[in-house]
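J.: Pasting a structure below so you can have a look.
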Amino acid sequence: MATKILERCLALDPSISSDGTLSGIKGHNVGLRPGRRGGPRLERQEVPISSKAGSLNPIFFGESEGAKGKGSVVHAYGLAGAGYQTSWGVEKELGQLVDDHFAVQAKAKL
């Protein structure tokens, strides 16, 4: 399977090989997932919501004259190769973060 993929890649871009053949390709890796220094990030972050478009769009982050309030972003990344294996635990923890957020919001409206 890897050989077939490499052949198609080589046909599209011969520069991936030092001599234009499969033997000129030094190696390949499969299934790499990005990790994060310090481990995975699983947390909720409060961010200011700008009056521009009233959204959490990163372009509009930051304190501004027209700031409307705060919103929440839930982060879940950097699990590296263990993403599939840890997905149930991550889902449970993230679900708790979201539940906690809405519990605080509900109390604030009382």
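By convention here, the chains of the structure tokens are called A, B, ... in the order presented, each chain's residues are numbered starting at 1, and ligands are numbered starting at 1 in the order presented.
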Using only C-alpha atoms, which residues sit within 10 Å of segment 78-92 of chain A once same-chain residues fewer than 4 positions away are excluded, as a list in words?

T.: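 With the cut-off at 10 Å, the set is Gly31, Leu32, Arg33, Pro34, Gly35, Arg36, Arg37, Gly38, Gly39, Pro40, Arg41, Leu42, Gln96 and Leu97 of chain A.
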
J.: Which polymer residues have any atom within 12 Å of an atom of Ser17 of chain A, counting only C-alpha atoms, with same-chain residues fewer than 6 positions away left out, as a ChimeraX atom specification?

T.: /A:6-7,9-11,23-28

J.: Which value, in Å to one decimal, gives the distance between atom CA of Pro48 of chain A and atom CA of Val74 of chain A?

T.: 14.0 Å
